[in-house]
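Asks: Below you will find the structure I want to go over with you.
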2 protein chains.
Amino acid sequence: MSPYRKLEAIFARLNALGEAAGMLHWDMSVMMPPGGAEARAEQLAALHVTRHEMLTDRRTGGLLDEAEADTGEDAGDAGEDEAAAPWRRANLGEMRRRHTHAGAVDGALVAALTKASTACEMIWREARPANDFARVVPSLEALLALVREAADAKAGVLGCAPYEALMDEHEPGARSDWIDAIFDDLAEFLPGFLDDVLARQAAAPPPMQPEGPFPVAAQRKLATGFMTRLGFDFNHGRLDVSLHPFCGGVPEDVRITTRYGEDDFTQSLMGVLHETGHALYEMGLPEQWRRQPVGHARGMAIHESQSLLIEMQTCRSRGFIDFAAPLMRDAFGGTGPAWDADNLYRLYTRVARGLIRVDADEVTYPAHVILRYRLERAMIAGDLPLAELPAAWNEAMESLLGNVPPDDGSGCLQDIHWYDGAFGYFPTYTLGAIAAAQLFEAAKGCDPDIEPGIARGDFVPLMGWLGENVHSKASLFGTDELMRQATGAPLGTESFKRHLKARYLS
Amino acid sequence: MSPYRKLEAIFARLNALGEAAGMLHWDMSVMMPPGGAEARAEQLAALHVTRHEMLTDRRTGGLLDEAEADTGEDAGDAGEDEAAAPWRRANLGEMRRRHTHAGAVDGALVAALTKASTACEMIWREARPANDFARVVPSLEALLALVREAADAKAGVLGCAPYEALMDEHEPGARSDWIDAIFDDLAEFLPGFLDDVLARQAAAPPPMQPEGPFPVAAQRKLATGFMTRLGFDFNHGRLDVSLHPFCGGVPEDVRITTRYGEDDFTQSLMGVLHETGHALYEMGLPEQWRRQPVGHARGMAIHESQSLLIEMQTCRSRGFIDFAAPLMRDAFGGTGPAWDADNLYRLYTRVARGLIRVDADEVTYPAHVILRYRLERAMIAGDLPLAELPAAWNEAMESLLGNVPPDDGSGCLQDIHWYDGAFGYFPTYTLGAIAAAQLFEAAKGCDPDIEPGIARGDFVPLMGWLGENVHSKASLFGTDELMRQATGAPLGTESFKRHLKARYLS
C-alpha cells in the first residue's frame with residue numbers, strides 16, 4: 001500500500017470516530033436526561049483524546065511526509081482514474097492541515113483550555129442575567145491567555161497571525177486582509193442603507209402577527225412538508241426538538257432541530273428552513289469521498305452560505321412567500337389579513353436596529369458580526385484590555401447600528417462564544433451571507449427556471465445548481481476558488497448589496 | 001504510577017469508548033433513519049477495532065503481568081482504604097479476563113466472524129418466514145465452523161471446553177457440569193409439574209382480555225408511573241419505542257424501550273416492568289467503580305435475574321396485581337369483570353404448551369432454554385450435523401413440552417441467536433429465572449415488609465435489599481459466590497420450584 005493509501009485508512013477511522021462523537025453531541029442536546037451529562041463528557045473526551053493521539057502519531061506524520069514527497073503522480077495506486085487525482089491531492093492537503101492543527105498544541109494546553117472554557121462558561125451563565133460583566137472578567141482573562149497561547153503556537157506552524165490561526169480552524173485559509181476588505185466595505189455601506197430602509201419601512205403599515213395558538217403537531221407537519229419539497233430525505237435524516245436549533249449528525253443521517261412556541265410559528269418555521277439549508281449541503285456531499293477530509297464541507301463560511309441561501313435568499317423571497325402563504329394559512333386554519341402573502345412578506349423582511357445578534361435581520365446582522373470581529377481580533381492581539389470591552393462594545397454599536405445597549409446582558413455578555421473559548425468563528429456568519437447572495441445571483445443567471453421554480457414550490461432547478469456547483473465540490477477547492485468556479489469571481493460584497501437594495505428599497 | 005493504576009486509566013478509556021458504542025446501538029434501534037445504517041456500521045466498527053487494539057496492546061498485557069506480580073498488597077497506592085483492596089483484586093481479574101478473550105482470537109478471525117454472521121442473519125431473515133431451514137444451512141455451516149474455531153482458541157487459553165469458552169463471554173466462569181446439574185433437575189421436574197398446572201388451570205374459567213383500544217399516551221403514562229414507583233430515575237434514563245424491547249445506554253443514562261399495540265396493553269406493560277428490572281440493576285451499580293470492569297454487572301444470569309425478579313416474582317404476584325388492577329382500569333377508563341384483580345392475575349399467570357420461546361410463560365420457558373442448550377452444545381462439540389437439527393429440535397420439544405412444531409419457522413428457525421453467531425447465551429435466561437426466585441425468597445426472609453410493601457405499591461424495602469445484596473456488588477464476586485453471600489447458598493433450583501408450586505398449585 002502506498003503511504004497515501006495508508007493515510008486514507010487512518011483518516012477513514014478518524015472520520016468514523018468523529019462521526020460517533022457527532023451523534024453523541026446530537027443525543028446530548030436532544031435526548032439525554034440531565035443526569036447523563038458526566039458520563040457523556042467522559043465518552044466525548046475519550047473519543048477526542050483517541051482521535052488526537054491517532055492524528056498526532058509519529059507514524060501519521062511520517063506517512064504525510066512520504067505521501068507529499070510522492071510528487072503527485074504516485075499519490076494513489078496505478079491505473080486509477082485521472083479525475084480522482086486532484087481530489088487525492090486536495091485530500092492530502094486537508095490531512096496535513098488537520099495534522100498541523102492537532103500537533104501545534106500539546107495535550108496539557110488542550111486540557112487546560114477545556115477546563116478554563118468550562119469554568120468561564122459556568123460563570124458567564126450567572127453573569128449574563130445579572131448584567132455583571134465584572135464577575136466574569138477573571139475567568140475570561142484566564143481563558144483568553146490560554147487561547148492566545150494556542151493561537152501563537154498555531155500561528156508559528158501555519159505561518160500566519162495568531163487571530164488568523166484561530167479563524168483557520170473554522171474557515172481554512174481565512175486571512176485578515178481578505179476579511180477586512182469585505183467588512184470595511186459593508187461597514188461603509190450599511191449605516192446609510194439602514195437609514196433608508198427604516199425610513200421606507202416607517203412609511204408603510206407595520207406587519208400583523210398571525211394569531212395562534214399554533215399546535216406543535218401542525219407546525220411540525222408544515223415544516224416537514226417544506227423540508228421534503230426542498231429535498232430533505234427523511235430516509236437519511238430527522239427533525240427533532242432542542243433548546244438551541246442546530247444541524248448535526250452525519251451526511252447519511254443528518255439531524256436538524258428546532259424549538260416550537262405555540263404562540264408563534266413563523267420563527268420556528270424559518271429556523272427549520274435555515275437548518276434544512278445546512279442539511280442539504282451535508283446530504284449533497286460526494287459519496288465517494290465521505291470518509292475522507294476532502295469530502296467534508298468546505299468550511300463554515302460556505303456552510304452558512306447554504307443555510308442562508310435557503311433561508312434568506314429563497315424562503316424570505318416574495319416568490320416563496322406567495323407560494324407558502326396559503327399553505328401556512330391552511331395548516332392552522334387561519335383567517336383574516338394577517339395570512340395574506342403581502343403581510344407575511346413584510347413580516348419576514350422586517351428590519352430593526354436590534355441589540356441582539358441572534359434576533360437580527362439580514363440588513364443589521366453584518367454590523368453585529370463586524371463589531372465582534374474587530375473586538376476579538378484586538379483581544380487576541382492584546383490591544384484591548386478586558387476592562388475596556390463593555391465601553392468598546394457600546395461605542396461600536398453606536399457607530400455601526402446607532403443603538404447603545406442599556407446593559408451588558410444585551411451587550412458584550414449576549415453570546416456564549418468568547419466565554420466558551422471560541423474566537424475567530426463570528427466572521428463566518430457574514431462571509432456566509434455574502435456568499436449566499438453571490439451564489440444565488442449566479443444560479444439565477446445560469447438557470448432562468450430557478451426563480452419561477454421557487455414561486456411554484458419546485459426547488460429542483462435550484463438544488464440541481466447548488467448540488468453541482470457547491471455540494472458536490474466538498475473541500476476540493478479553497479473558499480475563494482470554489483466561489484470563482486461557481487460564480488466567476490472570488491467572494492465579494494456586490495451581489496449582497498444588490499440583493500439588499502432590490503429587496504428593501506425597490 | 002503503579003502498573004495497576006496505569007491499567008485503571010486504560011480501562012477507563014476502554015469503558016468510555018464502549019459506552020459510546022452502547023449509546024450508538026440505542027440510537028440505531030430507536031432513532032436512526034434506515035439510510036444511516038451503513039455509516040453507523042462504520043462508526044461501530046471503528047470503535048470496536050480501536051478498543052480491540054487497546055485491549056490487546058502489548059503494553060496492556062505487560063502491565064497486567066506486572067500488576068499481577070505485585071502480590072496484592074501493592075496493587076493500589078499506599079494509604080488507600082483497605083475496603084477497596086478486594087475490589088482492586090477483582091478488577092484486575094476482570095481486566096485479565098477481557099484481555100484473554102480479546103487476545104485469543106486474531107483480527108482475521110474476528111473479521112471473518114462478523115462477515116459470516118451478517119451473511120447468515122440475512123439469509124435467516126428470508127428462511128424463517130419461508131419455513132426453509134435448508135436454505136440457511138450452508139451459511140450456518142460456514143458460520144458455525146468459524147464459531148468453533150474461535151471457541152477452540154478461547155478454550156485453549158481459558159483452560160475449559162470450547163462451549164464453556166463461549167458461555168464465558170456472557171456468564172463468566174460458567175461450566176457445563178454446573179449448568180447440567182441445574183438443567184437436568186428442572187427437566188426432571190417440569191413435565192409432570194406442567195401437566196398438573198394445566199389440569200388445574202383447565203378447571204377454572206379462562207381469563208378475559210380487557211377490551212381496548214388503549215391509546216399509546218395512556219399506556220406510556222401508566223408504565224412510567226410504575227417505573228417511577230419501582231425507583232427508575234428519569235433524571236438518569238428514558239423510556240422509548242423500538243421494534244425489539246431492550247435495556248441499553250449506560251448506568252448514568254439507562255435507556256429502556258418497549259413497543260405498544262393499541263389492542264392490548266398487558267404485554268407492553270409487563271415488558272416495560274421487565275426492562276425496568278434490568279435498568280434498576282444498572283442504575284444501582286456502585287458509582288465508585290462505574291468506569292472499571294469490576295463495576296459492571298456480574299454477568300447475564302444475574303442481569304436476567306434482576307429483570308425476572310421484577311417481572312415474574314414481583315409484578316406478576318397476586319399482591320402487585322391487587323395493587324395495580326385499579327390503576328390499570330383507571331388509566332383506560334375500563335369497566336367490567338375483565339378489570340378485576342382476579343381476572344388480571346389469571347391473565348398474567350396463564351400457562352400454555354407454546355412453541356415460541358419469547359412468548360413463553362415462566363413454567364414452560366426453561367424447557368425452551370434446556371432444549372437450545374443441549375442442541376447448541378452438541379453443535380459446538382461437532383456431535384450434531386446441521387441436517388439433523390430440525391429433527392433433533394422437534395424430538396426435544398416433544399419430550400420436554402409435549403408439543404411438536406408444525407414447521408421450522410416455529411421450530412429451529414425461530415430465534416436469531418445461532419444465525420447471528422451467538423452460541424452460549426441461551427442458558428443465562430433460565431439461570432436468571434432460578435436466581436430471581438432464590439434472591440426473592442431470601443429477600444422476603446430478611447425483611448418481612450417486602451411483600452406487604454409490594455402489595456401497597458411501596459418497593460423501597462425490596463429495592464433496598466437488592467441494592468445492598470446484588471446491585472452494589474457489581475462484579476466483585478463470581479455468580480455462585482454472589483448468590484451465597486446474598487442467600488446463603490449457591491445457585492440452585494429449590495426456590496424456583498417452591499415458587500412455581502406456590503403460585504400455580506396452591
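FYI, nothing fancy with the C-alpha cells labels: chains A, B, ... in order, residues from 1 per chain, ligands from 1 as they appear.
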Looking only at the backbone, which of the residues in segment 230-364 of chain A does DSSP tag as strand (DSSP E or B), as JSON, numbers by chain?

Replies: {"A": [237, 238, 239, 240, 241, 247, 248, 249, 250, 253, 254, 255, 256, 257, 258, 261, 264]}

Asks: Would you list which chain B residues are within 10 Å of chain A using only C-alpha atoms, as number ranges by chain?

Replies: B: 12-21, 23-24, 27, 31-47, 49-50, 233-238, 249-255, 290-291

Asks: For Val351 of chain B, please output as a PDB file with N, CA and C atoms, in the first residue's frame all residues within 8 Å (counting only C-alpha atoms; exclusion window: fewer than 2 positions along the same chain).

Replies:
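Written file, out.pdb:
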ATOM      1  N   VAL B 197     -50.294 -28.298  36.442  1.00  0.00           N
ATOM      2  CA  VAL B 197     -50.714 -26.888  36.318  1.00  0.00           C
ATOM      3  C   VAL B 197     -51.815 -26.761  35.271  1.00  0.00           C
ATOM      4  N   LEU B 198     -51.626 -27.415  34.138  1.00  0.00           N
ATOM      5  CA  LEU B 198     -52.610 -27.288  33.058  1.00  0.00           C
ATOM      6  C   LEU B 198     -53.942 -27.915  33.448  1.00  0.00           C
ATOM      7  N   THR B 349     -50.804 -14.977  34.775  1.00  0.00           N
ATOM      8  CA  THR B 349     -50.147 -16.222  35.204  1.00  0.00           C
ATOM      9  C   THR B 349     -50.641 -17.397  34.365  1.00  0.00           C
ATOM     10  N   ARG B 353     -48.607 -24.776  26.583  1.00  0.00           N
ATOM     11  CA  ARG B 353     -47.519 -25.504  25.910  1.00  0.00           C
ATOM     12  C   ARG B 353     -47.177 -24.809  24.593  1.00  0.00           C
ATOM     13  N   ASP B 361     -44.461 -18.617  29.064  1.00  0.00           N
ATOM     14  CA  ASP B 361     -44.658 -18.284  30.473  1.00  0.00           C
ATOM     15  C   ASP B 361     -43.491 -18.849  31.286  1.00  0.00           C
ATOM     16  N   GLU B 362     -43.466 -18.543  32.590  1.00  0.00           N
ATOM     17  CA  GLU B 362     -42.312 -18.946  33.391  1.00  0.00           C
ATOM     18  C   GLU B 362     -42.237 -20.453  33.661  1.00  0.00           C
ATOM     19  N   VAL B 363     -43.367 -21.154  33.490  1.00  0.00           N
ATOM     20  CA  VAL B 363     -43.343 -22.603  33.714  1.00  0.00           C
ATOM     21  C   VAL B 363     -42.704 -23.337  32.528  1.00  0.00           C
ATOM     22  N   THR B 364     -43.020 -22.889  31.331  1.00  0.00           N
ATOM     23  CA  THR B 364     -42.518 -23.600  30.145  1.00  0.00           C
ATOM     24  C   THR B 364     -41.197 -23.030  29.613  1.00  0.00           C
TER      25      THR B 364
END

Asks: Could you name the residues that touch segment 305-316 of chain A at 6 Å or less, counting only C-alpha atoms, but leaving out those on the same chain fewer than 6 positions away, as an NGL selection string?

Replies: :A and (273-274 or 277-278 or 432-433 or 435-436)

Asks: To one decimal in Å, tell me the separation between atom CA of Gly464 of chain B and atom CA of Met227 of chain B.

Replies: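 Atom CA of Met227 of chain B lies at a distance of 15.8 Å from atom CA of Gly464 of chain B.
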
Asks: With distances taken over only C-alpha atoms, which of B:His244, B:His170, B:Arg51, B:Arg318 is nearest to Gly299 of chain B?

Replies: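 When distances to Gly299 of chain B are compared using only C-alpha atoms, the smallest one comes from B:His170.
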
Asks: From a DSSP pass on the backbone, collect the residues of segment 161-376 of chain B flagged as helix (DSSP H, G or I) and hand them back as a PyMOL selection string.

Replies: chain B and resi 162-170+176-202+216-230+234-236+266-283+287-289+293-295+300-315+318-332+337-339+341-348+357-359+365-376

Asks: List the spatial neighbours of Ala218 of chain A as a ChimeraX atom specification - criterion: any atom at most 12 Å away, only C-alpha atoms, same-chain residues fewer than 2 positions off excluded.

Replies: /A:212-216,220-225,260-262,265,269,327-333

Asks: Residues at most 10 Å from Lys444 of chain A, counting only C-alpha atoms, excluding those fewer than 6 positions away in the same chain, as a list in words?

Replies: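 Counting only C-alpha atoms, the residues come to Ile450, Glu451, Pro452, Pro461, Leu462 and Trp465 of chain A.
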
Asks: For Asp168 of chain A, find every residue with an atom within 10 Å (counting only C-alpha atoms), except residues of its own chain fewer than 2 positions away, and show them as a PDB file with N, CA and C atoms, in the first residue's frame.

Replies:
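As written to disk, selection_23.pdb reads:
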ATOM      1  N   ARG A  97      -3.367  19.689   6.998  1.00  0.00           N
ATOM      2  CA  ARG A  97      -3.907  20.797   7.776  1.00  0.00           C
ATOM      3  C   ARG A  97      -4.391  20.308   9.138  1.00  0.00           C
ATOM      4  N   HIS A 101      -2.835  21.393  12.803  1.00  0.00           N
ATOM      5  CA  HIS A 101      -3.637  21.972  13.889  1.00  0.00           C
ATOM      6  C   HIS A 101      -3.535  21.139  15.155  1.00  0.00           C
ATOM      7  N   LYS A 154      -0.141  27.895  16.999  1.00  0.00           N
ATOM      8  CA  LYS A 154      -0.623  27.540  15.665  1.00  0.00           C
ATOM      9  C   LYS A 154      -0.119  28.511  14.608  1.00  0.00           C
ATOM     10  N   ALA A 155      -0.069  29.778  14.974  1.00  0.00           N
ATOM     11  CA  ALA A 155       0.407  30.786  14.020  1.00  0.00           C
ATOM     12  C   ALA A 155       1.828  30.463  13.586  1.00  0.00           C
ATOM     13  N   LEU A 158       1.565  27.544  11.085  1.00  0.00           N
ATOM     14  CA  LEU A 158       0.769  27.867   9.889  1.00  0.00           C
ATOM     15  C   LEU A 158       1.347  29.044   9.120  1.00  0.00           C
ATOM     16  N   CYS A 160       1.040  32.382   9.901  1.00  0.00           N
ATOM     17  CA  CYS A 160       0.065  33.467   9.797  1.00  0.00           C
ATOM     18  C   CYS A 160      -0.038  34.155  11.146  1.00  0.00           C
ATOM     19  N   PRO A 162      -1.706  35.182  14.801  1.00  0.00           N
ATOM     20  CA  PRO A 162      -2.426  34.346  15.769  1.00  0.00           C
ATOM     21  C   PRO A 162      -3.939  34.337  15.555  1.00  0.00           C
ATOM     22  N   TYR A 163      -4.544  35.509  15.333  1.00  0.00           N
ATOM     23  CA  TYR A 163      -6.001  35.520  15.129  1.00  0.00           C
ATOM     24  C   TYR A 163      -6.381  34.740  13.875  1.00  0.00           C
ATOM     25  N   GLU A 164      -5.540  34.851  12.847  1.00  0.00           N
ATOM     26  CA  GLU A 164      -5.804  34.099  11.612  1.00  0.00           C
ATOM     27  C   GLU A 164      -5.744  32.587  11.863  1.00  0.00           C
ATOM     28  N   ALA A 165      -4.839  32.185  12.740  1.00  0.00           N
ATOM     29  CA  ALA A 165      -4.728  30.757  13.070  1.00  0.00           C
ATOM     30  C   ALA A 165      -6.016  30.255  13.723  1.00  0.00           C
ATOM     31  N   LEU A 166      -6.652  31.119  14.524  1.00  0.00           N
ATOM     32  CA  LEU A 166      -7.931  30.733  15.146  1.00  0.00           C
ATOM     33  C   LEU A 166      -9.043  30.643  14.103  1.00  0.00           C
ATOM     34  N   HIS A 170     -12.033  27.223  11.616  1.00  0.00           N
ATOM     35  CA  HIS A 170     -13.428  27.228  11.152  1.00  0.00           C
ATOM     36  C   HIS A 170     -13.517  27.518   9.652  1.00  0.00           C
ATOM     37  N   GLU A 171     -12.638  28.364   9.176  1.00  0.00           N
ATOM     38  CA  GLU A 171     -12.669  28.784   7.783  1.00  0.00           C
ATOM     39  C   GLU A 171     -11.235  28.689   7.252  1.00  0.00           C
ATOM     40  N   PRO A 172     -10.852  27.514   6.753  1.00  0.00           N
ATOM     41  CA  PRO A 172      -9.457  27.288   6.346  1.00  0.00           C
ATOM     42  C   PRO A 172      -8.971  28.348   5.359  1.00  0.00           C
ATOM     43  N   GLY A 173      -7.812  28.884   5.655  1.00  0.00           N
ATOM     44  CA  GLY A 173      -7.201  29.859   4.763  1.00  0.00           C
ATOM     45  C   GLY A 173      -7.652  31.290   5.003  1.00  0.00           C
ATOM     46  N   ALA A 174      -8.571  31.511   5.935  1.00  0.00           N
ATOM     47  CA  ALA A 174      -9.067  32.881   6.161  1.00  0.00           C
ATOM     48  C   ALA A 174      -7.929  33.773   6.652  1.00  0.00           C
ATOM     49  N   ARG A 175      -7.783  34.929   6.026  1.00  0.00           N
ATOM     50  CA  ARG A 175      -6.753  35.883   6.429  1.00  0.00           C
ATOM     51  C   ARG A 175      -7.395  37.248   6.680  1.00  0.00           C
ATOM     52  N   GLY A 299     -16.060  24.694   4.684  1.00  0.00           N
ATOM     53  CA  GLY A 299     -15.720  25.476   5.875  1.00  0.00           C
ATOM     54  C   GLY A 299     -16.995  26.125   6.348  1.00  0.00           C
ATOM     55  N   GLY A 424     -12.704  33.729  16.607  1.00  0.00           N
ATOM     56  CA  GLY A 424     -12.416  33.506  15.188  1.00  0.00           C
ATOM     57  C   GLY A 424     -13.545  32.823  14.439  1.00  0.00           C
ATOM     58  N   TYR A 425     -14.676  32.644  15.105  1.00  0.00           N
ATOM     59  CA  TYR A 425     -15.815  31.992  14.449  1.00  0.00           C
ATOM     60  C   TYR A 425     -16.787  33.010  13.844  1.00  0.00           C
TER      61      TYR A 425
END

Asks: Just give me the gap between atom CA of Arg135 of chain A and atom CA of Asn394 of chain A in Å, one decimal is fine.

Replies: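 Between atom CA of Arg135 of chain A and atom CA of Asn394 of chain A the gap works out to 18.5 Å.
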
Asks: Calculated over only C-alpha atoms, which of the candidates A:Glu188, A:Glu468, A:Glu8, A:Asp70 has the smallest distance to Gly284 of chain A?

Replies: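 Among the listed residues, the smallest separation from Gly284 of chain A belongs to A:Glu468.
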
Asks: Which residue, B:Leu186, B:Leu371, B:Met270, B:Met167, has the smallest gap to Glu398 of chain B when you use only C-alpha atoms?

Replies: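 Comparing B:Leu186, B:Leu371, B:Met270, B:Met167 against Glu398 of chain B, the winner is B:Leu371.
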